[in-house]
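Have a look at start21.cif; it's mmCIF, C-alpha atoms and all ligand atoms:
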data_data
loop_
_atom_site.group_PDB
_atom_site.id
_atom_site.type_symbol
_atom_site.label_atom_id
_atom_site.label_comp_id
_atom_site.auth_asym_id
_atom_site.auth_seq_id
_atom_site.Cartn_x
_atom_site.Cartn_y
_atom_site.Cartn_z
ATOM 1 C CA MET A 290 -1.996 -98.441 4.502
ATOM 2 C CA ASN A 291 -5.364 -98.632 2.772
ATOM 3 C CA LYS A 292 -5.927 -98.854 -0.993
ATOM 4 C CA ASN A 293 -6.731 -95.154 -1.391
ATOM 5 C CA GLU A 294 -3.558 -94.050 0.366
ATOM 6 C CA LEU A 295 -1.509 -96.368 -1.814
ATOM 7 C CA GLU A 296 -3.162 -94.996 -4.962
ATOM 8 C CA GLU A 297 -2.365 -91.442 -3.876
ATOM 9 C CA ILE A 298 1.330 -92.386 -3.787
ATOM 10 C CA GLU A 299 1.091 -94.166 -7.134
ATOM 11 C CA LEU A 300 -0.663 -91.189 -8.712
ATOM 12 C CA SER A 301 1.915 -88.671 -7.573
ATOM 13 C CA LEU A 302 4.724 -90.964 -8.808
ATOM 14 C CA LEU A 303 2.978 -91.337 -12.176
ATOM 15 C CA LEU A 304 2.655 -87.559 -12.612
ATOM 16 C CA GLU A 305 6.250 -86.997 -11.486
ATOM 17 C CA GLY A 306 7.445 -89.658 -13.940
ATOM 18 C CA VAL A 307 5.448 -88.155 -16.823
ATOM 19 C CA TYR A 308 6.899 -84.750 -16.027
ATOM 20 C CA GLN A 309 10.495 -85.971 -15.809
ATOM 21 C CA ARG A 310 10.295 -88.214 -18.872
ATOM 22 C CA TYR A 311 8.147 -86.081 -21.219
ATOM 23 C CA GLY A 312 7.956 -82.560 -19.726
ATOM 24 C CA TYR A 313 4.148 -82.507 -19.433
ATOM 25 C CA ASP A 314 3.201 -81.252 -15.987
ATOM 26 C CA PHE A 315 -0.158 -82.517 -14.719
ATOM 27 C CA ARG A 316 0.843 -82.330 -11.043
ATOM 28 C CA GLU A 317 -1.519 -79.463 -10.325
ATOM 29 C CA TYR A 318 -4.499 -80.566 -12.347
ATOM 30 C CA ALA A 319 -7.792 -80.772 -10.434
ATOM 31 C CA GLU A 320 -7.920 -84.045 -8.564
ATOM 32 C CA ALA A 321 -11.363 -85.402 -9.392
ATOM 33 C CA SER A 322 -11.137 -85.110 -13.174
ATOM 34 C CA LEU A 323 -7.466 -86.160 -13.133
ATOM 35 C CA LYS A 324 -8.365 -89.385 -11.316
ATOM 36 C CA ARG A 325 -11.219 -90.041 -13.735
ATOM 37 C CA ARG A 326 -8.833 -89.715 -16.692
ATOM 38 C CA VAL A 327 -6.225 -91.959 -15.099
ATOM 39 C CA ARG A 328 -8.859 -94.618 -14.388
ATOM 40 C CA GLN A 329 -9.981 -94.372 -18.021
ATOM 41 C CA CYS A 330 -6.378 -94.909 -19.190
ATOM 42 C CA ILE A 331 -5.982 -97.914 -16.891
ATOM 43 C CA ARG A 332 -9.000 -99.521 -18.536
ATOM 44 C CA GLU A 333 -7.952 -98.651 -22.082
ATOM 45 C CA GLU A 334 -4.333 -99.751 -21.623
ATOM 46 C CA GLN A 335 -5.524 -102.980 -20.003
ATOM 47 C CA VAL A 336 -3.322 -102.621 -16.950
ATOM 48 C CA THR A 337 -4.557 -103.136 -13.424
ATOM 49 C CA THR A 338 -2.843 -100.450 -11.338
ATOM 50 C CA ILE A 339 -1.569 -96.871 -11.612
ATOM 51 C CA SER A 340 1.954 -98.268 -11.230
ATOM 52 C CA GLY A 341 1.295 -100.557 -14.186
ATOM 53 C CA LEU A 342 0.157 -97.560 -16.207
ATOM 54 C CA GLN A 343 3.260 -95.628 -15.142
ATOM 55 C CA GLU A 344 5.568 -98.388 -16.375
ATOM 56 C CA LYS A 345 3.819 -98.529 -19.752
ATOM 57 C CA ILE A 346 3.789 -94.742 -20.196
ATOM 58 C CA LEU A 347 7.453 -94.334 -19.262
ATOM 59 C CA ARG A 348 8.605 -97.104 -21.562
ATOM 60 C CA GLU A 349 6.267 -96.590 -24.532
ATOM 61 C CA PRO A 350 6.026 -93.087 -26.066
ATOM 62 C CA ALA A 351 2.944 -94.234 -28.002
ATOM 63 C CA CYS A 352 1.235 -94.923 -24.669
ATOM 64 C CA MET A 353 2.175 -91.409 -23.533
ATOM 65 C CA GLU A 354 0.527 -90.030 -26.676
ATOM 66 C CA ARG A 355 -2.683 -91.852 -25.784
ATOM 67 C CA PHE A 356 -2.408 -90.620 -22.190
ATOM 68 C CA LEU A 357 -1.969 -87.042 -23.429
ATOM 69 C CA MET A 358 -5.029 -87.406 -25.631
ATOM 70 C CA THR A 359 -7.107 -88.600 -22.674
ATOM 71 C CA MET A 360 -5.769 -85.788 -20.474
ATOM 72 C CA SER A 361 -6.606 -83.224 -23.150
ATOM 73 C CA VAL A 362 -10.423 -83.493 -22.875
ATOM 74 C CA ASP A 363 -10.825 -81.909 -26.286
ATOM 75 C CA VAL A 364 -14.595 -81.329 -26.113
ATOM 76 C CA THR A 365 -15.390 -78.215 -28.137
ATOM 77 C CA ALA A 366 -17.725 -76.862 -30.825
ATOM 78 C CA MET A 367 -17.997 -74.036 -33.307
ATOM 79 C CA PHE A 368 -19.733 -71.066 -31.687
ATOM 80 C CA ARG A 369 -19.874 -73.006 -28.398
ATOM 81 C CA ASP A 370 -22.121 -71.102 -25.970
ATOM 82 C CA PRO A 371 -23.570 -68.918 -28.770
ATOM 83 C CA ALA A 372 -24.499 -66.128 -26.349
ATOM 84 C CA PHE A 373 -20.791 -65.710 -25.594
ATOM 85 C CA TYR A 374 -20.128 -64.909 -29.271
ATOM 86 C CA LEU A 375 -23.100 -62.573 -29.359
ATOM 87 C CA ALA A 376 -21.589 -60.715 -26.390
ATOM 88 C CA LEU A 377 -18.225 -60.674 -28.198
ATOM 89 C CA ARG A 378 -19.850 -59.058 -31.212
ATOM 90 C CA LYS A 379 -21.674 -56.452 -29.185
ATOM 91 C CA LYS A 380 -19.119 -55.595 -26.527
ATOM 92 C CA VAL A 381 -15.656 -56.553 -27.752
ATOM 93 C CA VAL A 382 -15.777 -55.974 -31.520
ATOM 94 C CA PRO A 383 -16.262 -52.190 -31.067
ATOM 95 C CA LEU A 384 -13.112 -52.128 -28.899
ATOM 96 C CA LEU A 385 -11.125 -54.153 -31.421
ATOM 97 C CA ARG A 386 -12.274 -51.944 -34.262
ATOM 98 C CA ALA A 387 -10.324 -49.063 -32.740
ATOM 99 C CA GLU A 388 -7.017 -50.996 -32.966
ATOM 100 C CA PRO A 389 -4.761 -50.585 -36.035
ATOM 101 C CA PHE A 390 -3.798 -54.267 -35.804
ATOM 102 C CA ILE A 391 -5.454 -56.976 -33.691
ATOM 103 C CA ARG A 392 -3.689 -59.848 -31.946
ATOM 104 C CA ILE A 393 -5.875 -62.585 -30.440
ATOM 105 C CA TRP A 394 -4.714 -65.609 -28.442
ATOM 106 C CA HIS A 395 -6.789 -68.783 -28.233
ATOM 107 C CA ALA A 396 -5.122 -70.595 -25.331
ATOM 108 C CA GLY A 397 -6.164 -74.265 -25.257
ATOM 109 C CA CYS A 398 -7.812 -74.243 -28.684
ATOM 110 C CA ALA A 399 -8.314 -78.040 -28.980
ATOM 111 C CA GLY A 400 -9.382 -78.943 -32.562
ATOM 112 C CA GLY A 401 -9.642 -75.310 -33.662
ATOM 113 C CA GLU A 402 -13.444 -74.919 -33.715
ATOM 114 C CA GLU A 403 -13.257 -71.853 -31.458
ATOM 115 C CA VAL A 404 -10.546 -70.287 -33.624
ATOM 116 C CA TYR A 405 -12.449 -70.693 -36.883
ATOM 117 C CA SER A 406 -15.569 -69.323 -35.195
ATOM 118 C CA MET A 407 -13.568 -66.222 -34.328
ATOM 119 C CA ALA A 408 -12.196 -66.008 -37.888
ATOM 120 C CA ILE A 409 -15.765 -66.061 -39.243
ATOM 121 C CA LEU A 410 -16.952 -63.457 -36.747
ATOM 122 C CA LEU A 411 -14.034 -61.141 -37.549
ATOM 123 C CA GLN A 412 -14.550 -61.582 -41.267
ATOM 124 C CA GLU A 413 -18.216 -60.638 -40.964
ATOM 125 C CA GLU A 414 -17.253 -57.587 -38.942
ATOM 126 C CA GLY A 415 -14.653 -56.541 -41.523
ATOM 127 C CA LEU A 416 -11.780 -57.055 -39.068
ATOM 128 C CA TYR A 417 -10.191 -60.304 -40.172
ATOM 129 C CA GLU A 418 -7.701 -58.714 -42.540
ATOM 130 C CA LYS A 419 -6.088 -56.698 -39.786
ATOM 131 C CA SER A 420 -6.143 -59.566 -37.279
ATOM 132 C CA ARG A 421 -3.711 -62.305 -36.374
ATOM 133 C CA LEU A 422 -5.076 -65.270 -34.415
ATOM 134 C CA TYR A 423 -2.554 -67.222 -32.333
ATOM 135 C CA ALA A 424 -4.026 -70.636 -31.639
ATOM 136 C CA THR A 425 -2.200 -72.758 -29.098
ATOM 137 C CA ASP A 426 -2.669 -76.024 -27.261
ATOM 138 C CA MET A 427 -0.404 -78.393 -25.343
ATOM 139 C CA ASN A 428 -1.455 -81.218 -27.660
ATOM 140 C CA GLY A 429 0.344 -81.207 -31.030
ATOM 141 C CA VAL A 430 -1.900 -83.907 -32.508
ATOM 142 C CA LEU A 431 -4.976 -81.736 -31.927
ATOM 143 C CA LEU A 432 -3.188 -78.765 -33.490
ATOM 144 C CA GLU A 433 -2.380 -80.722 -36.658
ATOM 145 C CA LYS A 434 -6.037 -81.644 -36.963
ATOM 146 C CA ALA A 435 -7.083 -78.065 -36.295
ATOM 147 C CA LYS A 436 -4.725 -76.713 -38.925
ATOM 148 C CA ALA A 437 -6.404 -78.787 -41.643
ATOM 149 C CA GLY A 438 -9.784 -77.114 -41.009
ATOM 150 C CA ILE A 439 -11.718 -80.302 -41.729
ATOM 151 C CA PHE A 440 -14.634 -81.251 -39.489
ATOM 152 C CA LYS A 441 -17.279 -83.941 -39.409
ATOM 153 C CA LEU A 442 -20.136 -83.030 -41.709
ATOM 154 C CA ASN A 443 -22.707 -84.316 -39.234
ATOM 155 C CA ALA A 444 -21.544 -81.730 -36.675
ATOM 156 C CA MET A 445 -22.458 -78.886 -39.040
ATOM 157 C CA LYS A 446 -26.164 -78.992 -38.214
ATOM 158 C CA ASP A 447 -25.479 -78.095 -34.580
ATOM 159 C CA TYR A 448 -22.801 -75.590 -35.595
ATOM 160 C CA THR A 449 -25.258 -73.880 -37.961
ATOM 161 C CA ALA A 450 -27.754 -73.488 -35.118
ATOM 162 C CA ASN A 451 -24.994 -72.127 -32.858
ATOM 163 C CA TYR A 452 -23.859 -69.724 -35.566
ATOM 164 C CA MET A 453 -27.357 -68.332 -36.011
ATOM 165 C CA GLN A 454 -27.870 -67.907 -32.259
ATOM 166 C CA ALA A 455 -24.456 -66.271 -32.089
ATOM 167 C CA GLY A 456 -25.657 -63.472 -34.378
ATOM 168 C CA GLY A 457 -24.124 -64.816 -37.614
ATOM 169 C CA LEU A 458 -24.705 -62.385 -40.471
ATOM 170 C CA CYS A 459 -24.363 -64.690 -43.484
ATOM 171 C CA THR A 460 -25.174 -68.278 -44.466
ATOM 172 C CA PHE A 461 -23.051 -70.703 -42.449
ATOM 173 C CA ALA A 462 -22.931 -73.272 -45.270
ATOM 174 C CA ASP A 463 -21.011 -70.738 -47.396
ATOM 175 C CA TYR A 464 -18.009 -71.168 -45.112
ATOM 176 C CA TYR A 465 -17.390 -74.815 -45.989
ATOM 177 C CA VAL A 466 -17.514 -77.344 -48.779
ATOM 178 C CA ALA A 467 -19.038 -80.746 -48.071
ATOM 179 C CA LYS A 468 -16.993 -83.724 -49.259
ATOM 180 C CA TYR A 469 -18.015 -87.275 -48.314
ATOM 181 C CA ASP A 470 -18.469 -87.159 -44.510
ATOM 182 C CA ASN A 471 -16.411 -84.011 -44.101
ATOM 183 C CA ALA A 472 -16.899 -80.266 -44.077
ATOM 184 C CA ILE A 473 -13.800 -78.492 -45.390
ATOM 185 C CA LEU A 474 -13.542 -74.891 -44.255
ATOM 186 C CA GLY A 475 -12.657 -72.258 -46.845
ATOM 187 C CA ALA A 476 -8.948 -71.459 -47.196
ATOM 188 C CA GLU A 477 -9.608 -67.733 -46.653
ATOM 189 C CA LEU A 478 -10.482 -68.510 -43.009
ATOM 190 C CA ARG A 479 -7.059 -70.002 -42.422
ATOM 191 C CA THR A 480 -4.824 -67.220 -43.744
ATOM 192 C CA ASN A 481 -4.354 -65.225 -40.545
ATOM 193 C CA ILE A 482 -4.044 -68.047 -38.032
ATOM 194 C CA VAL A 483 -0.742 -69.061 -36.429
ATOM 195 C CA TRP A 484 -0.854 -72.529 -34.825
ATOM 196 C CA ALA A 485 1.699 -73.405 -32.151
ATOM 197 C CA GLN A 486 2.232 -75.833 -29.320
ATOM 198 C CA HIS A 487 2.194 -73.994 -26.005
ATOM 199 C CA ASN A 488 1.716 -75.352 -22.518
ATOM 200 C CA LEU A 489 0.019 -72.990 -20.076
ATOM 201 C CA VAL A 490 1.716 -74.738 -17.140
ATOM 202 C CA THR A 491 5.303 -74.701 -18.315
ATOM 203 C CA ASP A 492 5.619 -72.098 -21.084
ATOM 204 C CA ALA A 493 5.889 -68.325 -20.805
ATOM 205 C CA SER A 494 4.050 -65.428 -22.341
ATOM 206 C CA PHE A 495 5.010 -64.915 -26.002
ATOM 207 C CA ASN A 496 3.249 -61.723 -27.120
ATOM 208 C CA GLU A 497 0.863 -58.988 -26.078
ATOM 209 C CA PHE A 498 -2.755 -59.486 -27.081
ATOM 210 C CA HIS A 499 -5.863 -57.371 -27.452
ATOM 211 C CA LEU A 500 -8.080 -60.370 -26.755
ATOM 212 C CA ILE A 501 -7.353 -63.695 -25.089
ATOM 213 C CA LEU A 502 -9.812 -66.571 -25.021
ATOM 214 C CA CYS A 503 -8.931 -69.250 -22.510
ATOM 215 C CA ARG A 504 -12.209 -71.069 -22.215
ATOM 216 C CA ASN A 505 -12.882 -74.384 -20.523
ATOM 217 C CA VAL A 506 -9.215 -75.050 -19.820
ATOM 218 C CA MET A 507 -8.649 -73.818 -16.274
ATOM 219 C CA ILE A 508 -11.587 -75.867 -14.972
ATOM 220 C CA TYR A 509 -9.158 -78.789 -15.161
ATOM 221 C CA PHE A 510 -6.558 -77.047 -12.962
ATOM 222 C CA ASN A 511 -6.401 -76.767 -9.174
ATOM 223 C CA LYS A 512 -6.609 -73.359 -7.482
ATOM 224 C CA SER A 513 -2.880 -72.694 -7.281
ATOM 225 C CA LEU A 514 -2.326 -73.572 -10.942
ATOM 226 C CA GLN A 515 -5.315 -71.438 -11.925
ATOM 227 C CA ALA A 516 -3.686 -68.530 -10.096
ATOM 228 C CA ARG A 517 -0.420 -69.007 -12.004
ATOM 229 C CA VAL A 518 -2.199 -69.205 -15.341
ATOM 230 C CA HIS A 519 -4.176 -66.077 -14.482
ATOM 231 C CA ASN A 520 -0.823 -64.324 -13.959
ATOM 232 C CA LEU A 521 0.335 -65.507 -17.375
ATOM 233 C CA LEU A 522 -2.862 -64.339 -19.080
ATOM 234 C CA TYR A 523 -2.797 -60.994 -17.320
ATOM 235 C CA ASP A 524 0.853 -60.470 -18.308
ATOM 236 C CA SER A 525 -0.028 -61.332 -21.907
ATOM 237 C CA LEU A 526 -2.814 -58.757 -22.260
ATOM 238 C CA ALA A 527 -2.301 -55.267 -23.644
ATOM 239 C CA ASP A 528 -3.651 -52.382 -21.565
ATOM 240 C CA SER A 529 -7.456 -52.485 -21.914
ATOM 241 C CA GLY A 530 -7.185 -55.922 -23.539
ATOM 242 C CA VAL A 531 -10.060 -58.354 -23.020
ATOM 243 C CA LEU A 532 -10.055 -61.797 -21.414
ATOM 244 C CA GLY A 533 -12.812 -64.304 -22.234
ATOM 245 C CA LEU A 534 -13.315 -67.347 -19.995
ATOM 246 C CA GLY A 535 -15.580 -70.396 -20.126
ATOM 247 C CA SER A 536 -19.086 -70.453 -18.678
ATOM 248 C CA LYS A 537 -17.974 -72.223 -15.479
ATOM 249 C CA GLU A 538 -14.906 -70.017 -15.009
ATOM 250 C CA SER A 539 -14.532 -66.566 -13.509
ATOM 251 C CA ILE A 540 -12.048 -63.907 -12.536
ATOM 252 C CA LYS A 541 -13.851 -63.641 -9.172
ATOM 253 C CA PHE A 542 -11.867 -64.830 -6.163
ATOM 254 C CA THR A 543 -8.585 -64.763 -8.095
ATOM 255 C CA SER A 544 -5.727 -62.423 -7.207
ATOM 256 C CA HIS A 545 -6.492 -60.485 -10.411
ATOM 257 C CA GLU A 546 -10.133 -59.785 -9.607
ATOM 258 C CA THR A 547 -9.485 -56.078 -9.108
ATOM 259 C CA ASP A 548 -7.224 -55.788 -12.162
ATOM 260 C CA TYR A 549 -10.143 -56.126 -14.563
ATOM 261 C CA ASP A 550 -13.383 -54.306 -15.250
ATOM 262 C CA VAL A 551 -16.289 -56.615 -15.888
ATOM 263 C CA LEU A 552 -17.429 -56.180 -19.492
ATOM 264 C CA ASP A 553 -20.043 -58.915 -19.302
ATOM 265 C CA ASP A 554 -20.461 -60.876 -16.089
ATOM 266 C CA ARG A 555 -22.737 -63.551 -17.515
ATOM 267 C CA HIS A 556 -20.526 -64.277 -20.503
ATOM 268 C CA LYS A 557 -17.242 -64.011 -18.637
ATOM 269 C CA LEU A 558 -15.700 -61.105 -20.504
ATOM 270 C CA TYR A 559 -13.243 -58.964 -18.554
ATOM 271 C CA ARG A 560 -11.236 -55.927 -19.572
ATOM 272 C CA ARG A 561 -7.765 -55.328 -18.185
ATOM 273 C CA ARG A 562 -7.509 -52.042 -16.329
ATOM 274 C CA LYS A 563 -4.803 -49.658 -17.448
HETATM 275 C C1 LIG B 601 -12.225 -78.608 -23.259
HETATM 276 S S1 LIG B 601 -10.986 -78.097 -24.400
HETATM 277 C C2 LIG B 601 -11.448 -76.398 -24.642
HETATM 278 C C3 LIG B 601 -11.431 -76.007 -26.090
HETATM 279 C C4 LIG B 601 -11.968 -74.600 -26.385
HETATM 280 N N1 LIG B 601 -11.196 -73.593 -25.705
HETATM 281 C C5 LIG B 601 -13.420 -74.507 -26.001
HETATM 282 O O1 LIG B 601 -13.756 -73.862 -25.027
HETATM 283 O O2 LIG B 601 -14.237 -75.093 -26.705
HETATM 284 C C6 LIG B 601 -9.542 -77.974 -23.356
HETATM 285 C C7 LIG B 601 -8.250 -77.856 -24.147
HETATM 286 O O3 LIG B 601 -7.236 -77.373 -23.266
HETATM 287 C C8 LIG B 601 -6.034 -78.016 -23.594
HETATM 288 N N2 LIG B 601 -5.141 -77.968 -22.432
HETATM 289 C C9 LIG B 601 -5.231 -78.642 -21.263
HETATM 290 N N3 LIG B 601 -4.189 -78.365 -20.469
HETATM 291 C C10 LIG B 601 -3.422 -77.467 -21.153
HETATM 292 C C11 LIG B 601 -2.209 -76.809 -20.879
HETATM 293 N N4 LIG B 601 -1.553 -77.021 -19.741
HETATM 294 N N5 LIG B 601 -1.707 -75.956 -21.795
HETATM 295 C C12 LIG B 601 -2.350 -75.748 -22.971
HETATM 296 N N6 LIG B 601 -3.489 -76.366 -23.305
HETATM 297 C C13 LIG B 601 -4.029 -77.216 -22.414
HETATM 298 C C14 LIG B 601 -6.443 -79.424 -23.968
HETATM 299 O O4 LIG B 601 -5.464 -80.073 -24.750
HETATM 300 C C15 LIG B 601 -7.762 -79.180 -24.705
HETATM 301 O O5 LIG B 601 -7.537 -79.071 -26.077
#

Step by step, read the file and then write its structure as structure tokens.
Ligand SMILES: C[S@@+](CC[C@H](N)C(=O)[O-])C[C@H]1O[C@@H](n2cnc3c(N)ncnc32)[C@H](O)[C@@H]1O
Amino acid sequence: MNKNELEEIELSLLLEGVYQRYGYDFREYAEASLKRRVRQCIREEQVTTISGLQEKILREPACMERFLMTMSVDVTAMFRDPAFYLALRKKVVPLLRAEPFIRIWHAGCAGGEEVYSMAILLQEEGLYEKSRLYATDMNGVLLEKAKAGIFKLNAMKDYTANYMQAGGLCTFADYYVAKYDNAILGAELRTNIVWAQHNLVTDASFNEFHLILCRNVMIYFNKSLQARVHNLLYDSLADSGVLGLGSKESIKFTSHETDYDVLDDRHKLYRRRK
């Protein structure tokens, strides 16, 4: 047996062990990025093999927390892909306006930047008061950070540029207070957000939404897991509800391709058919 074959066995045992011991199911994550993350953990935990990493993770919950953090890939930004938010304003806001009450799900919200961007957009459009934003992620540590609404001050320059390109109507600096190295978002942006741990692989649908953003999450899943998550998202959308995906994701070639009308092909906005 060569080294690669042995590592395949070790990897599947590691993922099985993590699932059995902690309930996190990475068995159907996309192989290339999964292997990159595992290699990163091996280096950081100063072990030499995947089996060595498995032993440490199974015996030390703190090591599992670090593993989860590495697996999370929490790269995000406020008004990430500004043109997406511009498309939201132009094409989705008019649909939401017609609803008496708006439920939005941010699935895989990482540190909350996407959620607060939505809160700002809704506030500027006069819709925040009648909205409830459900922000979920598998990683509870990220959620705690998100809940606080405190970001690095030096990120605000880029976020301001994004906000302006995204069609922001006010002055971005009015949404936060600078304190030392931090930008603290205004409390009014946090009032209608519900934060909860939810795993797209193992947890079920929990409400019916008018808009779901699940951006830059499914790129880390293999095809069969993507298909299952698409089922979950579809089942969680109200009739005529809108799904927003990340720039490298699409509804094309999934089993739900014909269940949606394309609202904006370029910006990955799809509307569930009745
Ligand atoms: C790259 S971030 C995307 C953040 C944000 N949606 C964006 O586009 O900027 C991916 C997030 O998905 C979360 N994630 C990964 N697998 C998940 C799962 N099975 N269930 C829920 N969240 C998951 C990670 O913890 C991470 O916070």

Measuring atom to atom with all atoms listed in the file, identify which of A:Leu502, A:Ala319, A:Ile339, A:Cys352 is nearest to Glu403 of chain A.
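When distances to Glu403 of chain A are compared using all atoms listed in the file, the smallest one comes from A:Leu502.
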
Ground truth for the PyMOL selection byres (((not hetatm)) within 6 of (chain B and resi 601)), written as a PyMOL selection string
chain A and resi 361-366+397-399+403+426-428+487-490+503-506

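You will find atom CA of Leu474 of chain A at 6.2 Å from atom CA of Ile439 of chain A.
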
Of the candidates A:Cys330, A:Leu377, A:Tyr523, A:Tyr465, which shows the shortest atom-to-atom distance to Ser544 of chain A, using only C-alpha atoms?
A:Tyr523

Can you turn the PyMOL selection byres (((chain A and resi 526-529) around 7) and not hetatm) into a concrete residue list for this file, as a list in words?
Glu497, Phe498, His499, Leu522, Tyr523, Asp524, Ser525, Gly530, Val531, Arg560, Arg561, Arg562 and Lys563 of chain A

Of the listed residues A:Gly429, A:Gly456, A:Gly475, A:Gly341, that which approaches Phe368 of chain A most closely, counting all atoms listed in the file:
A:Gly456

Just say which residues the PyMOL selection byres (((chain A and resi 491) around 12) and not hetatm) picks in this file, as a PDB file with C-alpha atoms, in the frame of the given file.
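Result file part_25.pdb:
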ATOM      1  CA  TYR A 308       6.899 -84.750 -16.027  1.00  0.00           C
ATOM      2  CA  GLY A 312       7.956 -82.560 -19.726  1.00  0.00           C
ATOM      3  CA  TYR A 313       4.148 -82.507 -19.433  1.00  0.00           C
ATOM      4  CA  ASP A 314       3.201 -81.252 -15.987  1.00  0.00           C
ATOM      5  CA  PHE A 315      -0.158 -82.517 -14.719  1.00  0.00           C
ATOM      6  CA  ARG A 316       0.843 -82.330 -11.043  1.00  0.00           C
ATOM      7  CA  GLU A 317      -1.519 -79.463 -10.325  1.00  0.00           C
ATOM      8  CA  MET A 427      -0.404 -78.393 -25.343  1.00  0.00           C
ATOM      9  CA  GLN A 486       2.232 -75.833 -29.320  1.00  0.00           C
ATOM     10  CA  HIS A 487       2.194 -73.994 -26.005  1.00  0.00           C
ATOM     11  CA  ASN A 488       1.716 -75.352 -22.518  1.00  0.00           C
ATOM     12  CA  LEU A 489       0.019 -72.990 -20.076  1.00  0.00           C
ATOM     13  CA  VAL A 490       1.716 -74.738 -17.140  1.00  0.00           C
ATOM     14  CA  ASP A 492       5.619 -72.098 -21.084  1.00  0.00           C
ATOM     15  CA  ALA A 493       5.889 -68.325 -20.805  1.00  0.00           C
ATOM     16  CA  SER A 494       4.050 -65.428 -22.341  1.00  0.00           C
ATOM     17  CA  LEU A 514      -2.326 -73.572 -10.942  1.00  0.00           C
ATOM     18  CA  ARG A 517      -0.420 -69.007 -12.004  1.00  0.00           C
ATOM     19  CA  VAL A 518      -2.199 -69.205 -15.341  1.00  0.00           C
ATOM     20  CA  LEU A 521       0.335 -65.507 -17.375  1.00  0.00           C
TER      21      LEU A 521
END

Can you tell me which residues surround Thr543 of chain A at a distance of at most 9 Å, considering all atoms listed in the file, apart from same-chain residues fewer than 5 positions away, and format the answer as a list of chain:residue names?
A:Lys512, A:Gln515, A:Ala516, A:His519

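One distance worth recording is that between atom CA of Ile346 of chain A and atom CA of Tyr318 of chain A, which is 18.2 Å.
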
What are the centre and the three edge lengths of an axis-aligned box that wraps all atoms of segment 451-459 of chain A in the file, given that 3 Å is added to every side, written as lines of an AutoDock Vina configuration file and rounded to one decimal in Å?
center_x = -25.9
center_y = -67.3
center_z = -37.8
size_x = 10.0
size_y = 15.7
size_z = 17.4

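Residue neighbourhood of Val466 of chain A, excluding near-sequence residues (fewer than 5 positions): Gly438, Ile439, Phe440, Lys441, Leu442, Met445, Phe461, Asn471, Ala472, Ile473, Leu474, Gly475 and Ala476 of chain A, at 12 Å, using all atoms listed in the file.
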
Measuring between all atoms listed in the file, which one of A:Arg378, A:Arg332, A:Lys557, A:Lys436 shows the shortest distance to Phe356 of chain A?
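Result for the nearest residue to Phe356 of chain A: A:Arg332.
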
One decimal place gives the atom CA of Glu402 of chain A-atom CA of Ser513 of chain A separation as 28.6 Å

Which residues, protein or nucleic acid, reach to within 7 Å of (-9.2, -67.8, -35.2) in the file's coordinates when using only C-alpha atoms, and can you give that as a PyMOL selection string?
chain A and resi 403-408+422+424+482

For Glu344 of chain A, list every protein, DNA or RNA residue within 12 Å, evaluated using all atoms listed in the file, and leave out those in the same chain fewer than 6 positions away; present the list as a ChimeraX atom specification.
/A:299,302-304,306-307,310,331,334,336-338,350,352-353

One residue among A:Leu347, A:Ala444, A:Ala485, A:Glu296 is nearest to Asp470 of chain A when using all atoms listed in the file, and that residue is A:Ala444
